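Participant: The file below is protein_39.pdb, PDB, C-alpha atoms:
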```pdb
ATOM      1  CA  MET A 264     177.846  98.191 160.386
ATOM      2  CA  ILE A 265     177.344  99.748 156.956
ATOM      3  CA  GLN A 266     180.352 100.939 155.002
ATOM      4  CA  VAL A 267     179.925 102.631 151.617
ATOM      5  CA  GLU A 268     182.923 103.948 149.701
ATOM      6  CA  ILE A 269     182.933 105.641 146.303
ATOM      7  CA  GLN A 270     186.554 105.939 145.266
ATOM      8  CA  GLN A 271     188.994 106.020 142.376
ATOM      9  CA  GLN A 272     191.586 103.790 143.930
ATOM     10  CA  GLU A 273     191.720 100.017 143.720
ATOM     11  CA  PHE A 274     190.377  98.004 146.658
ATOM     12  CA  SER A 275     191.626  94.766 148.148
ATOM     13  CA  VAL A 276     188.992  92.083 148.554
ATOM     14  CA  GLU A 277     191.336  90.258 150.933
ATOM     15  CA  SER A 278     191.700  93.276 153.265
ATOM     16  CA  GLU A 279     188.019  94.038 153.258
ATOM     17  CA  TRP A 280     187.242  90.375 153.917
ATOM     18  CA  SER A 281     189.706  90.192 156.848
ATOM     19  CA  ASN A 282     188.316  93.380 158.349
ATOM     20  CA  ALA A 283     184.759  92.064 158.052
ATOM     21  CA  VAL A 284     185.793  88.768 159.660
ATOM     22  CA  GLU A 285     187.165  90.715 162.620
ATOM     23  CA  ARG A 286     184.069  92.878 162.941
ATOM     24  CA  GLY A 287     181.778  89.850 162.750
ATOM     25  CA  SER A 288     183.796  87.712 165.133
ATOM     26  CA  GLY A 289     181.558  85.847 167.554
ATOM     27  CA  LYS A 290     178.357  86.772 165.705
ATOM     28  CA  ALA A 291     178.830  85.920 162.028
ATOM     29  CA  GLY A 292     177.803  82.595 160.586
ATOM     30  CA  ALA A 293     178.075  83.529 156.916
ATOM     31  CA  MET A 294     179.883  85.942 154.633
ATOM     32  CA  VAL A 295     179.280  86.474 150.920
ATOM     33  CA  ALA A 296     181.352  88.694 148.647
ATOM     34  CA  PHE A 297     180.719  89.745 145.059
ATOM     35  CA  THR A 298     183.187  91.570 142.834
ATOM     36  CA  GLY A 299     182.230  93.191 139.526
ATOM     37  CA  ILE A 300     184.976  93.401 136.912
ATOM     38  CA  VAL A 301     185.364  95.421 133.700
ATOM     39  CA  ARG A 302     184.897  92.855 130.971
ATOM     40  CA  GLU A 303     185.983  93.059 127.380
ATOM     41  CA  TYR A 304     182.767  92.334 125.564
ATOM     42  CA  SER A 305     179.963  94.829 125.202
ATOM     43  CA  LEU A 306     176.981  94.733 122.828
ATOM     44  CA  THR A 307     178.948  94.927 119.644
ATOM     45  CA  GLU A 308     182.612  95.631 120.206
ATOM     46  CA  ASN A 309     185.580  94.877 122.390
ATOM     47  CA  VAL A 310     185.729  97.266 125.287
ATOM     48  CA  HIS A 311     189.224  98.148 126.422
ATOM     49  CA  SER A 312     188.346 100.624 129.137
ATOM     50  CA  MET A 313     185.475 102.380 130.812
ATOM     51  CA  LEU A 314     184.799 105.714 132.479
ATOM     52  CA  ILE A 315     182.514 105.631 135.489
ATOM     53  CA  GLU A 316     181.161 109.012 136.517
ATOM     54  CA  HIS A 317     179.280 109.872 139.698
ATOM     55  CA  TYR A 318     177.550 112.794 141.419
ATOM     56  CA  PRO A 319     179.434 113.352 144.702
ATOM     57  CA  GLY A 320     176.896 113.283 147.499
ATOM     58  CA  MET A 321     173.942 112.002 145.513
ATOM     59  CA  THR A 322     175.760 108.806 144.513
ATOM     60  CA  GLU A 323     176.786 107.931 148.070
ATOM     61  CA  ASN A 324     173.230 108.545 149.279
ATOM     62  CA  SER A 325     171.769 106.373 146.520
ATOM     63  CA  VAL A 326     174.051 103.496 147.515
ATOM     64  CA  TYR A 327     173.324 103.965 151.244
ATOM     65  CA  ARG A 328     169.598 103.811 150.502
ATOM     66  CA  ILE A 329     170.045 100.534 148.643
ATOM     67  CA  VAL A 330     172.018  99.044 151.536
ATOM     68  CA  GLU A 331     169.437 100.303 154.062
ATOM     69  CA  ARG A 332     166.716  98.566 152.090
ATOM     70  CA  ALA A 333     168.689  95.335 152.298
ATOM     71  CA  THR A 334     168.916  95.709 156.105
ATOM     72  CA  GLU A 335     165.129  96.201 156.220
ATOM     73  CA  ARG A 336     164.522  92.969 154.318
ATOM     74  CA  TRP A 337     167.099  90.737 156.009
ATOM     75  CA  GLU A 338     168.827  90.573 159.347
ATOM     76  CA  LEU A 339     172.414  91.468 158.536
ATOM     77  CA  ILE A 340     175.467  92.026 160.683
ATOM     78  CA  ASP A 341     177.761  93.955 158.346
ATOM     79  CA  ILE A 342     177.656  95.328 154.798
ATOM     80  CA  VAL A 343     180.498  96.795 152.777
ATOM     81  CA  VAL A 344     179.977  98.330 149.349
ATOM     82  CA  ILE A 345     182.960  99.800 147.538
ATOM     83  CA  HIS A 346     182.369 101.239 144.068
ATOM     84  CA  ARG A 347     185.146 102.650 141.974
ATOM     85  CA  VAL A 348     184.864 105.642 139.680
ATOM     86  CA  GLY A 349     187.130 107.144 137.050
ATOM     87  CA  HIS A 350     188.914 105.377 134.189
ATOM     88  CA  LEU A 351     189.071 101.612 134.574
ATOM     89  CA  GLN A 352     190.834  99.161 132.250
ATOM     90  CA  CYS A 353     189.584  95.726 131.226
ATOM     91  CA  GLY A 354     190.115  93.225 133.999
ATOM     92  CA  GLU A 355     190.013  95.841 136.741
ATOM     93  CA  GLN A 356     187.648  95.513 139.682
ATOM     94  CA  ILE A 357     184.700  97.914 139.656
ATOM     95  CA  VAL A 358     182.636  97.073 142.706
ATOM     96  CA  LEU A 359     182.694  95.003 145.884
ATOM     97  CA  VAL A 360     179.591  93.960 147.826
ATOM     98  CA  LEU A 361     180.465  92.098 151.028
ATOM     99  CA  VAL A 362     177.694  90.912 153.346
ATOM    100  CA  THR A 363     177.978  89.311 156.773
ATOM    101  CA  SER A 364     175.023  87.644 158.495
ATOM    102  CA  THR A 365     174.119  84.903 160.924
ATOM    103  CA  HIS A 366     172.837  82.510 158.275
ATOM    104  CA  ARG A 367     173.847  81.936 154.678
ATOM    105  CA  GLN A 368     170.439  82.559 153.074
ATOM    106  CA  GLU A 369     170.420  86.223 154.147
ATOM    107  CA  ALA A 370     173.993  86.772 153.052
ATOM    108  CA  PHE A 371     173.451  85.285 149.565
ATOM    109  CA  GLN A 372     170.136  87.046 148.976
ATOM    110  CA  ALA A 373     171.185  90.440 150.337
ATOM    111  CA  CYS A 374     174.357  90.416 148.251
ATOM    112  CA  GLU A 375     172.401  89.687 145.067
ATOM    113  CA  PHE A 376     169.700  92.229 145.978
ATOM    114  CA  ILE A 377     172.255  94.984 146.568
ATOM    115  CA  MET A 378     174.025  94.228 143.301
ATOM    116  CA  ASP A 379     170.772  94.147 141.288
ATOM    117  CA  LEU A 380     169.738  97.492 142.761
ATOM    118  CA  LEU A 381     173.179  99.019 142.217
ATOM    119  CA  LYS A 382     172.673  98.284 138.524
ATOM    120  CA  THR A 383     169.410 100.200 138.299
ATOM    121  CA  GLU A 384     169.240 102.710 141.141
ATOM    122  CA  ALA A 385     172.766 103.799 141.996
ATOM    123  CA  VAL A 386     173.715 107.178 140.543
ATOM    124  CA  PHE A 387     176.485 106.406 138.055
ATOM    125  CA  TRP A 388     177.008 106.892 134.347
ATOM    126  CA  LYS A 389     179.298 104.764 132.253
ATOM    127  CA  LYS A 390     181.184 105.375 129.040
ATOM    128  CA  GLU A 391     182.789 102.499 127.150
ATOM    129  CA  PHE A 392     185.940 102.934 125.067
ATOM    130  CA  THR A 393     186.538 100.536 122.184
ATOM    131  CA  SER A 394     189.073 100.414 119.364
ATOM    132  CA  SER A 395     186.663 102.230 117.063
ATOM    133  CA  GLY A 396     185.469 104.929 119.449
ATOM    134  CA  SER A 397     183.432 105.461 122.582
ATOM    135  CA  ARG A 398     179.802 105.471 123.673
ATOM    136  CA  TRP A 399     177.834 106.319 126.772
ATOM    137  CA  VAL A 400     176.031 103.227 128.018
ATOM    138  CA  ARG A 401     172.251 103.174 128.065
ATOM    139  CA  SER A 402     170.338 101.036 130.580
ATOM    140  CA  VAL A 403     170.286  97.306 129.931
ATOM    141  CA  LYS A 404     166.818  95.693 129.817
ATOM    142  CA  ASN A 405     167.989  92.585 131.673
ATOM    143  CA  ASP A 406     169.088  94.732 134.642
ATOM    144  CA  TYR A 407     165.562  96.113 134.989
ATOM    145  CA  ALA A 408     164.057  92.617 134.707
ATOM    146  CA  ARG A 409     166.313  91.433 137.536
ATOM    147  CA  ARG A 410     165.402  94.519 139.595
ATOM    148  CA  LYS A 411     161.684  93.697 139.216
ATOM    149  CA  ASN A 412     162.291  90.212 140.630
ATOM    150  CA  TRP A 413     162.816  91.793 144.043
ATOM    151  CA  ASP A 414     159.463  93.648 144.134
TER     152      ASP A 414
ATOM    153  CA  MET B  90     167.452 141.357 143.843
ATOM    154  CA  SER B  91     168.705 138.039 142.555
ATOM    155  CA  ILE B  92     169.762 134.541 143.565
ATOM    156  CA  ASP B  93     172.851 132.553 142.585
ATOM    157  CA  VAL B  94     172.519 128.868 141.844
ATOM    158  CA  LYS B  95     174.875 126.114 140.774
ATOM    159  CA  VAL B  96     174.024 124.282 137.557
ATOM    160  CA  LEU B  97     175.682 120.890 137.105
ATOM    161  CA  PHE B  98     175.817 118.502 134.160
ATOM    162  CA  PHE B  99     176.789 114.835 134.282
ATOM    163  CA  GLY B 100     177.480 112.027 131.853
ATOM    164  CA  GLU B 101     177.063 112.757 128.173
ATOM    165  CA  PHE B 102     175.365 116.059 129.025
ATOM    166  CA  ARG B 103     178.584 117.200 130.680
ATOM    167  CA  GLU B 104     180.421 116.498 127.427
ATOM    168  CA  LEU B 105     177.763 118.249 125.374
ATOM    169  CA  ALA B 106     177.735 121.262 127.698
ATOM    170  CA  GLY B 107     181.524 121.494 127.567
ATOM    171  CA  GLY B 108     181.845 121.517 131.335
ATOM    172  CA  SER B 109     180.395 120.207 134.569
ATOM    173  CA  GLU B 110     179.553 123.396 136.466
ATOM    174  CA  PHE B 111     177.887 126.618 135.293
ATOM    175  CA  PRO B 112     176.881 129.127 137.980
ATOM    176  CA  GLN B 113     173.753 131.109 137.103
ATOM    177  CA  THR B 114     172.106 134.211 138.494
ATOM    178  CA  LEU B 115     168.336 134.503 138.447
ATOM    179  CA  PRO B 116     166.184 137.529 139.223
ATOM    180  CA  LEU B 117     164.234 136.940 142.437
ATOM    181  CA  ALA B 118     160.933 137.466 140.625
ATOM    182  CA  ARG B 119     161.748 134.710 138.136
ATOM    183  CA  ALA B 120     163.534 132.137 140.299
ATOM    184  CA  SER B 121     161.775 128.867 139.632
ATOM    185  CA  LEU B 122     163.201 125.732 138.049
ATOM    186  CA  ALA B 123     161.152 126.474 134.924
ATOM    187  CA  ASP B 124     162.682 129.962 134.810
ATOM    188  CA  LEU B 125     166.163 128.479 135.109
ATOM    189  CA  CYS B 126     165.484 126.010 132.300
ATOM    190  CA  GLU B 127     164.200 128.830 130.115
ATOM    191  CA  LEU B 128     167.312 130.876 130.855
ATOM    192  CA  LEU B 129     169.593 127.938 130.014
ATOM    193  CA  ARG B 130     167.787 127.272 126.730
ATOM    194  CA  THR B 131     168.590 130.775 125.591
ATOM    195  CA  ARG B 132     172.284 130.559 126.538
ATOM    196  CA  ASN B 133     173.542 128.277 123.759
ATOM    197  CA  ASP B 134     172.642 125.422 121.416
ATOM    198  CA  GLN B 135     174.244 122.803 123.623
ATOM    199  CA  PHE B 136     172.071 123.705 126.615
ATOM    200  CA  LEU B 137     169.050 123.830 124.310
ATOM    201  CA  ARG B 138     169.770 120.267 123.140
ATOM    202  CA  ILE B 139     170.257 119.004 126.688
ATOM    203  CA  LEU B 140     167.033 120.601 127.933
ATOM    204  CA  ALA B 141     165.158 119.094 124.967
ATOM    205  CA  ASP B 142     166.357 115.546 125.638
ATOM    206  CA  PRO B 143     163.289 113.362 126.301
ATOM    207  CA  ASP B 144     165.231 111.318 128.862
ATOM    208  CA  LEU B 145     166.503 114.329 130.814
ATOM    209  CA  VAL B 146     166.560 113.906 134.593
ATOM    210  CA  ILE B 147     166.684 116.980 136.865
ATOM    211  CA  ALA B 148     167.704 116.993 140.527
ATOM    212  CA  VAL B 149     167.457 119.965 142.884
ATOM    213  CA  ASN B 150     169.829 119.688 145.847
ATOM    214  CA  GLN B 151     170.421 116.052 144.933
ATOM    215  CA  VAL B 152     166.752 115.058 144.909
ATOM    216  CA  THR B 153     165.174 114.227 141.548
ATOM    217  CA  ILE B 154     162.215 116.360 140.672
ATOM    218  CA  ASP B 155     159.264 116.157 138.290
ATOM    219  CA  GLY B 156     157.677 119.457 137.439
ATOM    220  CA  ASP B 157     158.477 122.895 138.782
ATOM    221  CA  CYS B 158     159.675 124.271 142.108
ATOM    222  CA  LYS B 159     160.942 127.534 143.625
ATOM    223  CA  LEU B 160     164.698 127.913 143.811
ATOM    224  CA  GLN B 161     166.668 129.462 146.675
ATOM    225  CA  ASP B 162     170.030 131.147 146.746
ATOM    226  CA  GLY B 163     172.769 128.508 146.781
ATOM    227  CA  ASP B 164     170.631 125.715 145.317
ATOM    228  CA  GLU B 165     172.321 123.032 143.249
ATOM    229  CA  ILE B 166     170.458 121.956 140.108
ATOM    230  CA  ALA B 167     171.793 118.970 138.213
ATOM    231  CA  PHE B 168     170.852 117.838 134.710
ATOM    232  CA  PHE B 169     171.739 114.309 133.692
ATOM    233  CA  PRO B 170     170.767 111.342 131.511
ATOM    234  CA  PRO B 171     169.122 108.279 133.080
ATOM    235  CA  ILE B 172     171.565 106.560 135.426
ATOM    236  CA  THR B 173     173.179 103.385 134.209
ATOM    237  CA  GLY B 174     174.033 102.060 137.617
ATOM    238  CA  GLY B 175     177.057 100.373 139.043
TER     239      GLY B 175
END
```
Would you give me this structure, written as C-alpha coordinates?
Facilitator:
Amino acid sequence: MIQVEIQQQEFSVESEWSNAVERGSGKAGAMVAFTGIVREYSLTENVHSMLIEHYPGMTENSVYRIVERATERWELIDIVVIHRVGHLQCGEQIVLVLVTSTHRQEAFQACEFIMDLLKTEAVFWKKEFTSSGSRWVRSVKNDYARRKNWD
Amino acid sequence: MSIDVKVLFFGEFRELAGGSEFPQTLPLARASLADLCELLRTRNDQFLRILADPDLVIAVNQVTIDGDCKLQDGDEIAFFPPITGG
(Lines of atoms letter the chains of each structure in order from A and count residues from 1; the text may use other names and numbers.)
(Lines give C-alpha, C1' and ligand atoms only; values in the text may rest on other atoms or scores of the structure.)
Protein backbone atom coordinates (compact mmCIF):
# COMPACT_ATOMS: atom_id res chain seq x y z
CA MET A 1 0.00 0.00 0.00
CA ILE A 2 1.19 3.53 -0.74
CA GLN A 3 0.00 6.38 1.45
CA VAL A 4 1.04 9.97 0.70
CA GLU A 5 -0.25 12.85 2.80
CA ILE A 6 0.57 16.54 2.42
CA GLN A 7 -0.87 18.28 5.45
CA GLN A 8 -0.52 21.16 7.88
CA GLN A 9 -1.26 19.20 10.99
CA GLU A 10 1.24 17.32 13.12
CA PHE A 11 1.56 13.56 12.62
CA SER A 12 2.19 10.82 15.15
CA VAL A 13 5.03 8.49 14.29
CA GLU A 14 3.68 6.03 16.86
CA SER A 15 0.22 5.87 15.24
CA GLU A 16 1.59 5.55 11.75
CA TRP A 17 3.99 2.85 12.93
CA SER A 18 1.20 0.87 14.66
CA ASN A 19 -1.02 1.13 11.60
CA ALA A 20 1.80 -0.08 9.35
CA VAL A 21 2.51 -2.98 11.72
CA GLU A 22 -1.13 -4.03 11.41
CA ARG A 23 -1.15 -3.73 7.63
CA GLY A 24 2.09 -5.71 7.33
CA SER A 25 1.10 -8.40 9.79
CA GLY A 26 2.07 -11.84 8.54
CA LYS A 27 4.14 -10.48 5.64
CA ALA A 28 6.54 -7.88 7.03
CA GLY A 29 10.04 -8.74 8.13
CA ALA A 30 11.38 -5.20 8.40
CA MET A 31 10.19 -1.66 8.99
CA VAL A 32 12.25 1.52 8.75
CA ALA A 33 11.05 5.00 9.65
CA PHE A 34 12.72 8.36 9.10
CA THR A 35 11.55 11.67 10.53
CA GLY A 36 12.86 15.04 9.37
CA ILE A 37 12.81 17.83 11.94
CA VAL A 38 13.13 21.63 11.68
CA ARG A 39 16.58 22.33 13.03
CA GLU A 40 17.93 25.58 14.36
CA TYR A 41 21.06 26.00 12.32
CA SER A 42 21.07 27.10 8.71
CA LEU A 43 23.98 28.36 6.61
CA THR A 44 24.67 31.45 8.62
CA GLU A 45 22.04 32.12 11.24
CA ASN A 46 19.78 30.54 13.80
CA VAL A 47 16.51 29.53 12.25
CA HIS A 48 13.53 29.81 14.55
CA SER A 49 10.82 28.79 12.11
CA MET A 50 10.19 27.82 8.54
CA LEU A 51 7.42 28.16 5.98
CA ILE A 52 6.92 25.21 3.66
CA GLU A 53 4.83 25.96 0.60
CA HIS A 54 3.42 23.48 -1.89
CA TYR A 55 1.42 23.34 -5.13
CA PRO A 56 -1.76 21.37 -4.33
CA GLY A 57 -2.01 18.55 -6.83
CA MET A 58 1.44 18.86 -8.34
CA THR A 59 3.16 18.28 -4.99
CA GLU A 60 1.19 15.12 -4.20
CA ASN A 61 1.91 13.76 -7.68
CA SER A 62 5.63 14.51 -7.35
CA VAL A 63 5.78 12.58 -4.08
CA TYR A 64 3.72 9.67 -5.48
CA ARG A 65 6.13 9.43 -8.41
CA ILE A 66 9.09 9.23 -6.04
CA VAL A 67 7.42 6.46 -4.03
CA GLU A 68 6.47 4.58 -7.23
CA ARG A 69 10.10 4.68 -8.31
CA ALA A 70 11.08 3.13 -4.99
CA THR A 71 8.56 0.30 -5.55
CA GLU A 72 10.10 -0.29 -9.00
CA ARG A 73 13.58 -0.65 -7.53
CA TRP A 74 12.77 -2.73 -4.45
CA GLU A 75 10.10 -5.17 -3.41
CA LEU A 76 8.17 -3.30 -0.75
CA ILE A 77 5.04 -4.11 1.20
CA ASP A 78 3.95 -0.69 2.45
CA ILE A 79 5.13 2.92 2.17
CA VAL A 80 3.88 5.94 4.07
CA VAL A 81 5.09 9.45 3.33
CA ILE A 82 3.65 12.33 5.33
CA HIS A 83 4.98 15.82 4.59
CA ARG A 84 3.85 18.85 6.48
CA VAL A 85 3.35 22.30 5.01
CA GLY A 86 2.72 25.71 6.51
CA HIS A 87 4.58 27.42 9.35
CA LEU A 88 6.73 25.07 11.40
CA GLN A 89 8.75 25.97 14.51
CA CYS A 90 12.19 24.65 15.42
CA GLY A 91 11.98 21.14 16.77
CA GLU A 92 8.77 20.33 14.91
CA GLN A 93 8.52 17.29 12.66
CA ILE A 94 8.47 18.04 8.94
CA VAL A 95 8.33 14.68 7.20
CA LEU A 96 7.84 10.98 7.87
CA VAL A 97 8.99 8.21 5.53
CA LEU A 98 7.94 4.77 6.77
CA VAL A 99 8.80 1.67 4.73
CA THR A 100 7.75 -1.93 5.31
CA SER A 101 9.35 -4.84 3.45
CA THR A 102 10.21 -8.50 3.78
CA HIS A 103 13.92 -7.92 4.35
CA ARG A 104 15.82 -5.12 6.02
CA GLN A 105 18.05 -4.17 3.08
CA GLU A 106 15.07 -3.03 0.98
CA ALA A 107 13.53 -1.11 3.85
CA PHE A 108 16.75 0.79 4.68
CA GLN A 109 17.61 1.56 1.07
CA ALA A 110 14.11 2.53 -0.04
CA CYS A 111 13.70 4.85 2.94
CA GLU A 112 16.97 6.64 2.15
CA PHE A 113 16.17 6.75 -1.58
CA ILE A 114 12.75 8.30 -0.97
CA MET A 115 14.20 10.89 1.39
CA ASP A 116 17.04 11.82 -1.00
CA LEU A 117 14.56 12.26 -3.84
CA LEU A 118 12.13 14.24 -1.68
CA LYS A 119 14.96 16.72 -1.17
CA THR A 120 15.49 17.30 -4.88
CA GLU A 121 12.34 16.34 -6.76
CA ALA A 122 9.36 16.96 -4.50
CA VAL A 123 7.51 20.19 -5.27
CA PHE A 124 8.02 22.34 -2.18
CA TRP A 125 9.54 25.72 -1.45
CA LYS A 126 10.95 26.71 1.90
CA LYS A 127 11.42 30.03 3.63
CA GLU A 128 13.55 30.30 6.76
CA PHE A 129 12.85 32.87 9.48
CA THR A 130 15.74 34.01 11.67
CA SER A 131 16.13 36.74 14.27
CA SER A 132 17.48 39.12 11.63
CA GLY A 133 14.98 38.42 8.86
CA SER A 134 13.89 35.77 6.42
CA ARG A 135 15.10 34.15 3.21
CA TRP A 136 13.79 31.71 0.66
CA VAL A 137 16.00 28.63 0.59
CA ARG A 138 17.93 27.80 -2.56
CA SER A 139 18.86 24.20 -3.41
CA VAL A 140 21.68 22.67 -1.40
CA LYS A 141 24.54 21.17 -3.44
CA ASN A 142 24.92 18.19 -1.10
CA ASP A 143 21.28 17.19 -1.74
CA TYR A 144 21.97 16.95 -5.47
CA ALA A 145 25.17 14.96 -4.86
CA ARG A 146 23.19 12.47 -2.76
CA ARG A 147 20.48 12.31 -5.45
CA LYS A 148 23.11 11.41 -8.08
CA ASN A 149 24.26 8.48 -5.95
CA TRP A 150 21.04 6.69 -6.84
CA ASP A 151 21.48 6.95 -10.63
CA MET B 1 -13.39 35.03 -28.95
CA SER B 2 -11.14 34.51 -25.97
CA ILE B 3 -9.98 31.98 -23.40
CA ASP B 4 -9.70 32.31 -19.62
CA VAL B 5 -6.71 30.81 -17.85
CA LYS B 6 -5.51 30.64 -14.28
CA VAL B 7 -2.07 32.07 -13.55
CA LEU B 8 -0.45 30.91 -10.32
CA PHE B 9 2.71 32.01 -8.52
CA PHE B 10 4.53 30.09 -5.79
CA GLY B 11 7.38 30.66 -3.38
CA GLU B 12 9.20 33.96 -3.57
CA PHE B 13 7.44 34.74 -6.86
CA ARG B 14 4.13 34.67 -5.00
CA GLU B 15 5.50 37.30 -2.62
CA LEU B 16 6.87 39.39 -5.46
CA ALA B 17 3.61 39.15 -7.41
CA GLY B 18 1.61 40.15 -4.34
CA GLY B 19 -0.70 37.18 -4.63
CA SER B 20 -0.95 33.54 -5.63
CA GLU B 21 -3.67 33.59 -8.29
CA PHE B 22 -4.26 35.97 -11.21
CA PRO B 23 -6.90 34.97 -13.77
CA GLN B 24 -6.11 36.14 -17.30
CA THR B 25 -8.07 36.38 -20.51
CA LEU B 26 -6.33 35.82 -23.82
CA PRO B 27 -7.65 36.42 -27.33
CA LEU B 28 -8.10 33.09 -29.12
CA ALA B 29 -5.74 34.18 -31.90
CA ARG B 30 -2.95 34.85 -29.41
CA ALA B 31 -3.41 32.04 -26.87
CA SER B 32 -0.02 30.43 -26.53
CA LEU B 33 2.19 30.28 -23.46
CA ALA B 34 4.52 32.80 -25.11
CA ASP B 35 1.55 35.12 -25.64
CA LEU B 36 0.58 34.77 -21.99
CA CYS B 37 4.12 35.55 -20.85
CA GLU B 38 4.18 38.61 -23.08
CA LEU B 39 0.85 39.77 -21.66
CA LEU B 40 2.08 39.30 -18.08
CA ARG B 41 5.29 41.23 -18.76
CA THR B 42 3.25 44.24 -19.76
CA ARG B 43 0.99 44.10 -16.69
CA ASN B 44 3.41 45.35 -14.03
CA ASP B 45 7.05 45.50 -12.94
CA GLN B 46 6.69 42.59 -10.55
CA PHE B 47 5.50 40.23 -13.28
CA LEU B 48 8.26 41.55 -15.54
CA ARG B 49 10.87 40.69 -12.89
CA ILE B 50 9.43 37.22 -12.34
CA LEU B 51 9.32 36.43 -16.07
CA ALA B 52 12.93 37.63 -16.41
CA ASP B 53 14.25 35.38 -13.64
CA PRO B 54 16.85 33.02 -15.16
CA ASP B 55 15.74 30.21 -12.84
CA LEU B 56 12.03 30.54 -13.64
CA VAL B 57 10.14 27.26 -13.92
CA ILE B 58 6.79 27.13 -15.77
CA ALA B 59 4.19 24.38 -15.46
CA VAL B 60 1.04 24.05 -17.57
CA ASN B 61 -1.66 21.98 -15.87
CA GLN B 62 0.92 20.84 -13.33
CA VAL B 63 3.44 19.57 -15.88
CA THR B 64 6.68 21.52 -16.28
CA ILE B 65 7.29 22.80 -19.75
CA ASP B 66 10.27 24.02 -21.77
CA GLY B 67 9.41 26.20 -24.70
CA ASP B 68 6.01 27.17 -26.04
CA CYS B 69 2.63 25.47 -26.24
CA LYS B 70 -0.99 26.29 -27.12
CA LEU B 71 -3.25 27.11 -24.20
CA GLN B 72 -6.88 26.04 -23.78
CA ASP B 73 -9.71 27.59 -21.86
CA GLY B 74 -9.41 26.66 -18.18
CA ASP B 75 -5.68 25.88 -18.29
CA GLU B 76 -3.62 26.43 -15.16
CA ILE B 77 -0.20 28.00 -15.70
CA ALA B 78 2.14 28.17 -12.73
CA PHE B 79 5.34 30.19 -12.41
CA PHE B 80 7.76 29.26 -9.66
CA PRO B 81 11.42 29.20 -8.60
CA PRO B 82 13.35 25.91 -8.60
CA ILE B 83 11.90 23.56 -5.99
CA THR B 84 13.83 23.13 -2.79
CA GLY B 85 12.33 19.81 -1.88
CA GLY B 86 11.09 18.34 1.33
Participant: Could you write out as a count of residues only the residues of chain B within 9 Å of chain A, counting only C-alpha atoms?
Facilitator: 12
Participant: Find the nearest atom pair between each residue of segment 313-390 of chain A and segment 284-289 of chain A for residues within 8 Å, count all atoms listed in the file, give distances in Å to one decimal, sort rows by chain and ascending number, and present the table as a tab-separated table.
Facilitator:
```
residue	atom	partner	partner_atom	distance
A:Ile340	CA	A:Gly287	CA	7.0
A:Asp341	CA	A:Gly287	CA	7.2
A:Thr363	CA	A:Gly287	CA	7.1
```
Participant: Apply the PyMOL selection byres ((chain A and resi 361) around 6) to the structure shown and report the selected residues as an mmCIF file with C-alpha atoms, in the frame of the given file.
Facilitator:
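The resulting file, part15.cif, is reproduced below:
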```
data_model
loop_
_atom_site.group_PDB
_atom_site.id
_atom_site.type_symbol
_atom_site.label_atom_id
_atom_site.label_comp_id
_atom_site.auth_asym_id
_atom_site.auth_seq_id
_atom_site.Cartn_x
_atom_site.Cartn_y
_atom_site.Cartn_z
ATOM 1 C CA VAL A 295 179.280 86.474 150.920
ATOM 2 C CA ALA A 296 181.352 88.694 148.647
ATOM 3 C CA ILE A 342 177.656 95.328 154.798
ATOM 4 C CA VAL A 343 180.498 96.795 152.777
ATOM 5 C CA VAL A 360 179.591 93.960 147.826
ATOM 6 C CA VAL A 362 177.694 90.912 153.346
#
```
Participant: List, as a PDB file with C-alpha atoms, keeping the file's coordinate frame, every residue that the PyMOL selection byres ((chain A and resi 291) around 6) selects in the file provided.
Facilitator:
```pdb
ATOM      1  CA  GLY A 287     181.778  89.850 162.750  1.00  0.00           C
ATOM      2  CA  LYS A 290     178.357  86.772 165.705  1.00  0.00           C
ATOM      3  CA  GLY A 292     177.803  82.595 160.586  1.00  0.00           C
ATOM      4  CA  ALA A 293     178.075  83.529 156.916  1.00  0.00           C
ATOM      5  CA  SER A 364     175.023  87.644 158.495  1.00  0.00           C
ATOM      6  CA  THR A 365     174.119  84.903 160.924  1.00  0.00           C
TER       7      THR A 365
END
```
Participant: Check which residues satisfy the PyMOL selection byres ((chain B and resi 112) around 8) in the file shown, then give them as a list of chain:residue names.
Facilitator: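 Expected selection for the PyMOL selection byres ((chain B and resi 112) around 8) here is B:Asp93, B:Val94, B:Lys95, B:Val96, B:Glu110, B:Phe111, B:Gln113, B:Thr114.
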